[in-house]
$ cat run-v1.cif   # mmCIF, C-alpha atoms
data_coords
#
loop_
_atom_site.label_atom_id
_atom_site.label_comp_id
_atom_site.auth_asym_id
_atom_site.auth_seq_id
_atom_site.Cartn_x
_atom_site.Cartn_y
_atom_site.Cartn_z
CA MET E 1 0.00 0.00 0.00
CA PRO E 2 1.77 3.20 -1.11
CA GLY E 3 2.36 5.92 1.46
CA ILE E 4 1.93 3.81 4.57
CA ARG E 5 4.96 2.20 6.14
CA ASN E 6 5.35 0.28 9.36
CA CYS E 7 8.03 -1.07 11.62
CA ILE E 8 6.17 -4.09 12.95
CA ARG E 9 9.00 -6.45 12.08
CA ASP E 10 11.46 -4.43 14.18
CA LEU E 11 8.99 -4.18 17.05
CA ARG E 12 8.41 -7.92 16.92
CA ALA E 13 12.13 -8.52 17.03
CA THR E 14 12.44 -6.20 20.03
CA HIS E 15 9.66 -8.04 21.86
CA GLY E 16 10.86 -11.51 20.79
CA MET E 17 7.55 -12.22 19.11
CA THR E 18 6.90 -14.39 16.07
CA GLN E 19 4.41 -13.53 13.33
CA GLN E 20 2.08 -16.21 14.68
CA ASP E 21 2.32 -14.79 18.22
CA LEU E 22 1.38 -11.34 16.98
CA ALA E 23 -1.40 -12.75 14.79
CA ASP E 24 -2.88 -14.59 17.77
CA ARG E 25 -2.71 -11.49 19.94
CA ILE E 26 -4.47 -9.22 17.44
CA GLY E 27 -6.95 -11.80 16.13
CA VAL E 28 -5.86 -12.12 12.51
CA THR E 29 -4.14 -14.85 10.49
CA ARG E 30 -0.36 -15.06 10.16
CA GLN E 31 -0.76 -14.40 6.45
CA THR E 32 -2.33 -11.04 7.25
CA VAL E 33 0.59 -10.13 9.51
CA ILE E 34 2.97 -11.07 6.65
CA ALA E 35 0.99 -8.86 4.23
CA ILE E 36 0.99 -5.94 6.69
CA GLU E 37 4.74 -6.24 7.33
CA ALA E 38 5.40 -6.27 3.59
CA ASP E 39 3.34 -3.04 3.21
CA LYS E 40 1.01 -4.90 0.86
CA TYR E 41 -2.03 -4.54 3.06
CA SER E 42 -3.13 -1.67 5.28
CA PRO E 43 -5.06 -2.96 8.27
CA SER E 44 -8.23 -1.38 9.62
CA LEU E 45 -7.90 1.22 12.36
CA GLU E 46 -9.07 -1.35 14.89
CA VAL E 47 -6.30 -3.83 14.00
CA ALA E 48 -3.75 -1.01 13.82
CA PHE E 49 -4.66 0.07 17.36
CA ARG E 50 -4.51 -3.53 18.56
CA ILE E 51 -0.97 -3.85 17.15
CA ALA E 52 0.08 -0.64 18.89
CA THR E 53 -1.49 -1.88 22.13
CA VAL E 54 0.38 -5.19 21.94
CA PHE E 55 3.71 -3.36 21.62
CA ALA E 56 2.59 -0.67 24.12
CA VAL E 57 3.60 2.16 21.82
CA PRO E 58 1.67 5.02 20.16
CA LEU E 59 0.07 4.23 16.81
CA GLU E 60 2.34 6.62 14.91
CA GLN E 61 5.35 4.72 16.15
CA VAL E 62 4.06 1.59 14.42
CA PHE E 63 2.64 3.15 11.25
CA GLN E 64 4.01 6.11 9.34
CA TYR E 65 2.16 7.87 6.55
CA GLN E 66 4.02 9.68 3.78
CA PRO E 67 1.60 11.59 1.55
CA PRO E 68 2.23 11.42 -2.19
CA PRO E 69 4.29 14.36 -3.63
CA GLU E 70 1.30 16.28 -5.13
CA THR E 71 -0.53 16.18 -1.75
CA ARG E 72 2.55 17.40 0.10
CA LYS E 73 2.73 20.57 -2.05
CA ARG E 74 -0.75 21.75 -0.92
CA MET O 1 18.09 -11.50 17.73
CA SER O 2 17.23 -11.77 14.08
CA ASN O 3 17.85 -15.51 13.73
CA ILE O 4 14.28 -16.79 14.19
CA PHE O 5 12.84 -13.81 12.33
CA ASP O 6 15.03 -14.42 9.30
CA MET O 7 13.91 -18.03 9.28
CA GLU O 8 10.23 -17.11 9.13
CA PRO O 9 8.88 -17.94 5.69
CA THR O 10 7.81 -15.01 3.55
CA MET O 11 5.61 -17.38 1.51
CA PRO O 12 2.82 -18.25 3.90
CA ASN O 13 1.19 -21.65 4.25
CA LEU O 14 -2.31 -22.02 2.91
CA THR O 15 -5.03 -20.58 5.13
CA TYR O 16 -8.38 -22.28 5.61
CA GLU O 17 -9.94 -19.82 3.17
CA GLU O 18 -7.36 -20.65 0.47
CA ARG O 19 -7.77 -24.39 0.94
CA SER O 20 -11.51 -23.95 0.70
CA LEU O 21 -11.08 -22.01 -2.56
CA TYR O 22 -8.85 -24.72 -4.04
CA GLY O 23 -11.50 -27.25 -3.07
CA MET O 24 -14.19 -25.24 -4.85
CA LEU O 25 -12.01 -24.88 -7.94
CA VAL O 26 -11.29 -28.61 -8.08
CA ALA O 27 -14.98 -29.44 -7.62
CA ASN O 28 -16.06 -27.01 -10.34
CA LEU O 29 -13.53 -28.27 -12.87
CA ALA O 30 -13.84 -31.97 -11.99
CA VAL O 31 -17.61 -31.91 -12.47
CA TYR O 32 -18.05 -29.36 -15.23
CA ILE O 33 -15.30 -30.44 -17.67
CA PRO O 34 -16.66 -34.02 -18.10
CA TYR O 35 -20.15 -32.52 -18.48
CA ILE O 36 -19.09 -30.10 -21.20
CA LEU O 37 -17.15 -32.83 -23.05
CA GLN O 38 -20.20 -35.11 -23.08
CA SER O 39 -22.89 -32.49 -23.61
CA ALA O 40 -21.71 -31.87 -27.18
CA ARG O 41 -23.05 -35.33 -28.05
CA THR O 42 -25.94 -35.81 -25.67
CA ASN O 43 -27.57 -33.21 -23.48
CA SER O 44 -30.83 -33.28 -21.56
CA LEU O 45 -32.56 -31.61 -18.66
CA GLY O 46 -31.77 -34.68 -16.56
CA ARG O 47 -28.06 -34.43 -17.36
CA ILE O 48 -27.95 -30.74 -16.42
CA ALA O 49 -29.85 -31.36 -13.18
CA GLY O 50 -27.68 -34.39 -12.39
CA THR O 51 -24.47 -32.45 -12.98
CA LEU O 52 -25.70 -29.61 -10.78
CA PHE O 53 -26.62 -32.06 -8.02
CA LEU O 54 -23.25 -33.82 -8.34
CA LEU O 55 -21.47 -30.45 -8.14
CA ILE O 56 -23.28 -29.59 -4.90
CA VAL O 57 -22.48 -33.00 -3.38
CA VAL O 58 -18.78 -32.83 -4.36
CA GLN O 59 -18.54 -29.27 -2.98
CA ILE O 60 -20.06 -30.32 0.35
CA VAL O 61 -17.82 -33.39 0.69
CA LEU O 62 -14.65 -31.45 -0.17
CA GLN O 63 -15.54 -28.58 2.18
CA ILE O 64 -16.16 -31.02 5.04
CA ILE O 65 -12.79 -32.72 4.41
CA ILE O 66 -11.00 -29.36 4.28
CA ALA O 67 -12.76 -28.10 7.43
CA VAL O 68 -11.85 -31.27 9.33
CA ALA O 69 -8.24 -31.21 8.10
CA THR O 70 -7.68 -27.55 9.01
CA ARG O 71 -7.12 -26.75 12.65
CA ASN O 72 -7.06 -22.95 12.41
CA ARG O 73 -10.22 -21.77 10.64
CA LEU O 74 -9.83 -18.14 11.63
CA GLN O 75 -11.05 -15.58 9.10
CA ASP O 76 -10.17 -11.92 9.36
CA GLU O 77 -10.76 -8.56 7.68
CA ARG O 78 -8.31 -9.32 4.85
CA ASP O 79 -10.26 -12.46 3.97
CA GLN O 80 -13.41 -10.35 3.77
CA LEU O 81 -11.70 -7.79 1.54
CA ILE O 82 -10.38 -10.49 -0.79
CA ARG O 83 -13.80 -12.15 -0.85
CA LEU O 84 -15.39 -8.85 -1.90
CA ARG O 85 -12.85 -8.48 -4.71
CA GLY O 86 -13.56 -12.02 -5.84
CA TYR O 87 -17.32 -11.48 -5.89
CA ARG O 88 -16.88 -8.24 -7.86
CA ALA O 89 -14.79 -10.05 -10.49
CA GLY O 90 -17.30 -12.92 -10.52
CA TYR O 91 -20.19 -10.49 -11.01
CA ILE O 92 -18.41 -8.76 -13.91
CA ALA O 93 -17.76 -12.17 -15.51
CA PHE O 94 -21.37 -13.21 -14.97
CA ALA O 95 -22.79 -9.98 -16.41
CA SER O 96 -20.47 -10.29 -19.44
CA CYS O 97 -21.44 -13.92 -19.92
CA ILE O 98 -25.16 -13.02 -19.76
CA VAL O 99 -24.72 -10.66 -22.71
CA ILE O 100 -22.69 -13.22 -24.67
CA GLY O 101 -25.07 -16.05 -23.76
CA LEU O 102 -28.16 -14.11 -24.79
CA GLY O 103 -26.39 -13.20 -28.03
CA ILE O 104 -25.69 -16.89 -28.71
CA LEU O 105 -29.34 -17.77 -28.06
CA TRP O 106 -30.48 -14.98 -30.37
CA LEU O 107 -28.13 -16.25 -33.10
CA HIS O 108 -29.59 -19.74 -32.71
CA THR O 109 -33.11 -18.41 -33.17
CA LEU O 110 -31.99 -16.71 -36.38
CA LEU O 111 -31.12 -20.14 -37.79
CA GLY O 112 -34.77 -21.10 -37.51
CA PRO O 113 -37.35 -21.89 -34.85
CA LEU O 114 -36.12 -24.36 -32.24
CA PRO O 115 -38.36 -26.90 -30.50
CA THR O 116 -39.37 -25.63 -27.04
CA GLN O 117 -37.63 -28.41 -25.13
CA ARG O 118 -34.42 -28.04 -27.11
CA MET O 119 -34.54 -24.30 -26.50
CA ALA O 120 -35.01 -24.88 -22.76
CA ILE O 121 -32.06 -27.30 -22.66
CA HIS O 122 -29.93 -24.87 -24.59
CA PHE O 123 -30.90 -21.99 -22.30
CA LEU O 124 -30.24 -24.01 -19.14
CA SER O 125 -26.87 -25.29 -20.33
CA VAL O 126 -25.80 -21.75 -21.25
CA MET O 127 -26.94 -20.47 -17.83
CA PHE O 128 -25.10 -23.33 -16.12
CA GLY O 129 -21.94 -22.55 -18.07
CA MET O 130 -22.17 -18.88 -17.16
CA LEU O 131 -22.51 -19.72 -13.48
CA ILE O 132 -19.43 -21.95 -13.62
CA VAL O 133 -17.37 -19.34 -15.50
CA ALA O 134 -18.38 -16.64 -13.01
CA ASP O 135 -17.58 -18.89 -10.04
CA VAL O 136 -14.19 -19.94 -11.44
CA THR O 137 -13.39 -16.26 -12.12
CA ARG O 138 -14.28 -15.40 -8.52
CA ILE O 139 -12.15 -18.23 -7.13
CA ILE O 140 -9.12 -17.46 -9.30
CA THR O 141 -9.34 -13.73 -8.46
CA GLN O 142 -9.34 -14.57 -4.77
CA LEU O 143 -6.46 -17.05 -5.09
CA ILE O 144 -4.36 -14.49 -7.00
CA ALA O 145 -5.08 -11.91 -4.30
CA TYR O 146 -3.95 -14.36 -1.61
CA ARG O 147 -0.77 -15.25 -3.52
CA ARG O 148 0.07 -11.58 -4.02
CA ALA O 149 -0.42 -11.12 -0.27
CA VAL O 150 -2.88 -8.28 -0.94
#

$ encode --input "run-v1.cif" --output "structure tokens"
Amino acid sequence: MPGIRNCIRDLRATHGMTQQDLADRIGVTRQTVIAIEADKYSPSLEVAFRIATVFAVPLEQVFQYQPPPETRKR
Amino acid sequence: MSNIFDMEPTMPNLTYEERSLYGMLVANLAVYIPYILQSARTNSLGRIAGTLFLLIVVQIVLQIIIAVATRNRLQDERDQLIRLRGYRAGYIAFASCIVIGLGILWLHTLLGPLPTQRMAIHFLSVMFGMLIVADVTRIITQLIAYRRAV
């Protein structure tokens, strides 16, 4: 998904958590965690907040949004 | 620290939803291809109804086997999104096939009046074919979306 990046992989590594562990904690499949980590799928706000809650960090520390160039000019 | 994380596969195993889709695809093709190969020679209302019944039975049996063989049957928001994409593609295929199918029927009527029963068989087999094409399109769209990790 263009524009949205995340550092879930790094946060998982810091917390010693596997993809399956995280998936179980946030109530999605491991395949969805893989897709989110690869920036191929943007989760819903609910799942995004659940991820942030699991790592006990603010949402913007997990997900970063970079607007496309034409939006940034406005 | 990164040892176990580097070992994690980037290509995920099949989820319950994907297995279920493969089951549906196999059932559709395994039942419909023999039907279409034989219907060129002999076709009847009974054959169409029998094929449809067989398709339903095979689908149920395969889905039960897949459900029993899969421990984790969790479905999440991504599954729903992919399902919606699949149904959209299936609907587009179905709508396109309706136009083509009606065109084929119209062409047949131009060749001369058809007996009512033959017309009914022809109409039903075209409708059946359109349903299968739309369903296969839906399944393949969903499987591609899963493989692309969308």

$ resolve_selection --input "run-v1.cif" --expression "the PyMOL selection byres ((chain E and resi 67) around 6)" --output "number ranges by chain"
E: 3, 66, 68

$ resolve_selection --input "run-v1.cif" --expression "the PyMOL selection byres ((chain O and resi 14) around 12)" --output "number ranges by chain"
E: 29-32; O: 11-13, 15-22, 66, 70-73, 143, 146-147, 149

$ resolve_selection --input "run-v1.cif" --expression "the PyMOL selection byres ((chain E) within 6 of (chain O))" --output "PyMOL selection string"
chain E and resi 28+31+35+40-41

$ write_last_selection --input "run-v1.cif" --atoms "C-alpha atoms" --output "PDB file, keeping the file's coordinate frame"
ATOM      1  CA  VAL E  28      -5.860 -12.120  12.510  1.00  0.00           C
ATOM      2  CA  GLN E  31      -0.760 -14.400   6.450  1.00  0.00           C
ATOM      3  CA  ALA E  35       0.990  -8.860   4.230  1.00  0.00           C
ATOM      4  CA  LYS E  40       1.010  -4.900   0.860  1.00  0.00           C
ATOM      5  CA  TYR E  41      -2.030  -4.540   3.060  1.00  0.00           C
TER       6      TYR E  41
END

$ atom_distance --input "run-v1.cif" --atom1 "atom CA of O:Val133" --atom2 "atom CA of O:Arg118"
22.4 Å

$ closest_residue --input "run-v1.cif" --among "E:Ile8, E:Leu22, E:Ala38, E:Ala13" --to "E:Leu59" --atoms "all atoms listed in the file"
E:Ile8

$ closest_residue --input "run-v1.cif" --among "O:Ala93, O:Leu81, O:Leu45, O:Ile56" --to "O:Tyr32" --atoms "all atoms listed in the file"
O:Ile56

$ decode --input "run-v1.cif" --residues "stretch 29-59 of chain E" --atoms "N, CA and C atoms" --output "PDB file, in the first residue's frame"
ATOM      1  N   THR E  29      -4.974 -13.708  10.886  1.00  0.00           N
ATOM      2  CA  THR E  29      -4.142 -14.845  10.487  1.00  0.00           C
ATOM      3  C   THR E  29      -2.683 -14.406  10.321  1.00  0.00           C
ATOM      4  N   ARG E  30      -1.778 -15.380  10.336  1.00  0.00           N
ATOM      5  CA  ARG E  30      -0.359 -15.059  10.157  1.00  0.00           C
ATOM      6  C   ARG E  30      -0.109 -14.462   8.772  1.00  0.00           C
ATOM      7  N   GLN E  31      -0.902 -14.914   7.800  1.00  0.00           N
ATOM      8  CA  GLN E  31      -0.759 -14.404   6.446  1.00  0.00           C
ATOM      9  C   GLN E  31      -1.066 -12.908   6.385  1.00  0.00           C
ATOM     10  N   THR E  32      -2.007 -12.476   7.210  1.00  0.00           N
ATOM     11  CA  THR E  32      -2.335 -11.044   7.249  1.00  0.00           C
ATOM     12  C   THR E  32      -1.189 -10.245   7.868  1.00  0.00           C
ATOM     13  N   VAL E  33      -0.575 -10.802   8.905  1.00  0.00           N
ATOM     14  CA  VAL E  33       0.592 -10.132   9.507  1.00  0.00           C
ATOM     15  C   VAL E  33       1.713 -10.017   8.469  1.00  0.00           C
ATOM     16  N   ILE E  34       1.934 -11.086   7.701  1.00  0.00           N
ATOM     17  CA  ILE E  34       2.968 -11.066   6.654  1.00  0.00           C
ATOM     18  C   ILE E  34       2.663  -9.968   5.638  1.00  0.00           C
ATOM     19  N   ALA E  35       1.385  -9.873   5.225  1.00  0.00           N
ATOM     20  CA  ALA E  35       0.992  -8.862   4.234  1.00  0.00           C
ATOM     21  C   ALA E  35       1.158  -7.453   4.793  1.00  0.00           C
ATOM     22  N   ILE E  36       0.839  -7.269   6.075  1.00  0.00           N
ATOM     23  CA  ILE E  36       0.990  -5.937   6.688  1.00  0.00           C
ATOM     24  C   ILE E  36       2.468  -5.566   6.763  1.00  0.00           C
ATOM     25  N   GLU E  37       3.294  -6.512   7.216  1.00  0.00           N
ATOM     26  CA  GLU E  37       4.738  -6.237   7.333  1.00  0.00           C
ATOM     27  C   GLU E  37       5.358  -5.887   5.988  1.00  0.00           C
ATOM     28  N   ALA E  38       4.840  -6.520   4.940  1.00  0.00           N
ATOM     29  CA  ALA E  38       5.400  -6.272   3.595  1.00  0.00           C
ATOM     30  C   ALA E  38       4.803  -5.019   2.948  1.00  0.00           C
ATOM     31  N   ASP E  39       4.017  -4.262   3.715  1.00  0.00           N
ATOM     32  CA  ASP E  39       3.343  -3.043   3.208  1.00  0.00           C
ATOM     33  C   ASP E  39       2.437  -3.340   2.018  1.00  0.00           C
ATOM     34  N   LYS E  40       1.923  -4.549   1.963  1.00  0.00           N
ATOM     35  CA  LYS E  40       1.012  -4.898   0.863  1.00  0.00           C
ATOM     36  C   LYS E  40      -0.448  -4.782   1.295  1.00  0.00           C
ATOM     37  N   TYR E  41      -0.659  -4.661   2.563  1.00  0.00           N
ATOM     38  CA  TYR E  41      -2.029  -4.539   3.064  1.00  0.00           C
ATOM     39  C   TYR E  41      -2.054  -3.575   4.239  1.00  0.00           C
ATOM     40  N   SER E  42      -2.959  -2.603   4.158  1.00  0.00           N
ATOM     41  CA  SER E  42      -3.128  -1.669   5.277  1.00  0.00           C
ATOM     42  C   SER E  42      -4.272  -2.157   6.152  1.00  0.00           C
ATOM     43  N   PRO E  43      -3.996  -2.427   7.413  1.00  0.00           N
ATOM     44  CA  PRO E  43      -5.062  -2.961   8.275  1.00  0.00           C
ATOM     45  C   PRO E  43      -6.090  -1.888   8.623  1.00  0.00           C
ATOM     46  N   SER E  44      -7.210  -2.328   9.156  1.00  0.00           N
ATOM     47  CA  SER E  44      -8.230  -1.382   9.621  1.00  0.00           C
ATOM     48  C   SER E  44      -7.675  -0.648  10.842  1.00  0.00           C
ATOM     49  N   LEU E  45      -8.328   0.445  11.186  1.00  0.00           N
ATOM     50  CA  LEU E  45      -7.897   1.216  12.362  1.00  0.00           C
ATOM     51  C   LEU E  45      -7.917   0.354  13.615  1.00  0.00           C
ATOM     52  N   GLU E  46      -8.933  -0.500  13.713  1.00  0.00           N
ATOM     53  CA  GLU E  46      -9.070  -1.350  14.891  1.00  0.00           C
ATOM     54  C   GLU E  46      -7.848  -2.263  15.051  1.00  0.00           C
ATOM     55  N   VAL E  47      -7.459  -2.922  13.943  1.00  0.00           N
ATOM     56  CA  VAL E  47      -6.299  -3.828  14.004  1.00  0.00           C
ATOM     57  C   VAL E  47      -5.020  -3.026  14.247  1.00  0.00           C
ATOM     58  N   ALA E  48      -4.937  -1.850  13.625  1.00  0.00           N
ATOM     59  CA  ALA E  48      -3.748  -1.009  13.819  1.00  0.00           C
ATOM     60  C   ALA E  48      -3.596  -0.645  15.300  1.00  0.00           C
ATOM     61  N   PHE E  49      -4.713  -0.271  15.933  1.00  0.00           N
ATOM     62  CA  PHE E  49      -4.658   0.072  17.363  1.00  0.00           C
ATOM     63  C   PHE E  49      -4.314  -1.150  18.211  1.00  0.00           C
ATOM     64  N   ARG E  50      -4.831  -2.306  17.800  1.00  0.00           N
ATOM     65  CA  ARG E  50      -4.513  -3.530  18.555  1.00  0.00           C
ATOM     66  C   ARG E  50      -3.015  -3.826  18.488  1.00  0.00           C
ATOM     67  N   ILE E  51      -2.415  -3.621  17.301  1.00  0.00           N
ATOM     68  CA  ILE E  51      -0.969  -3.855  17.149  1.00  0.00           C
ATOM     69  C   ILE E  51      -0.201  -2.907  18.074  1.00  0.00           C
ATOM     70  N   ALA E  52      -0.603  -1.631  18.042  1.00  0.00           N
ATOM     71  CA  ALA E  52       0.080  -0.640  18.892  1.00  0.00           C
ATOM     72  C   ALA E  52      -0.074  -0.997  20.363  1.00  0.00           C
ATOM     73  N   THR E  53      -1.243  -1.493  20.729  1.00  0.00           N
ATOM     74  CA  THR E  53      -1.490  -1.880  22.129  1.00  0.00           C
ATOM     75  C   THR E  53      -0.610  -3.053  22.539  1.00  0.00           C
ATOM     76  N   VAL E  54      -0.457  -4.016  21.629  1.00  0.00           N
ATOM     77  CA  VAL E  54       0.379  -5.189  21.937  1.00  0.00           C
ATOM     78  C   VAL E  54       1.817  -4.755  22.224  1.00  0.00           C
ATOM     79  N   PHE E  55       2.322  -3.811  21.429  1.00  0.00           N
ATOM     80  CA  PHE E  55       3.708  -3.362  21.620  1.00  0.00           C
ATOM     81  C   PHE E  55       3.815  -2.218  22.639  1.00  0.00           C
ATOM     82  N   ALA E  56       2.649  -1.756  23.130  1.00  0.00           N
ATOM     83  CA  ALA E  56       2.593  -0.671  24.120  1.00  0.00           C
ATOM     84  C   ALA E  56       3.313   0.583  23.635  1.00  0.00           C
ATOM     85  N   VAL E  57       3.021   0.940  22.395  1.00  0.00           N
ATOM     86  CA  VAL E  57       3.604   2.161  21.819  1.00  0.00           C
ATOM     87  C   VAL E  57       2.476   2.946  21.141  1.00  0.00           C
ATOM     88  N   PRO E  58       2.694   4.257  20.889  1.00  0.00           N
ATOM     89  CA  PRO E  58       1.669   5.022  20.160  1.00  0.00           C
ATOM     90  C   PRO E  58       1.529   4.504  18.721  1.00  0.00           C
ATOM     91  N   LEU E  59       0.359   4.733  18.164  1.00  0.00           N
ATOM     92  CA  LEU E  59       0.069   4.232  16.814  1.00  0.00           C
ATOM     93  C   LEU E  59       1.081   4.745  15.784  1.00  0.00           C
TER      94      LEU E  59
END
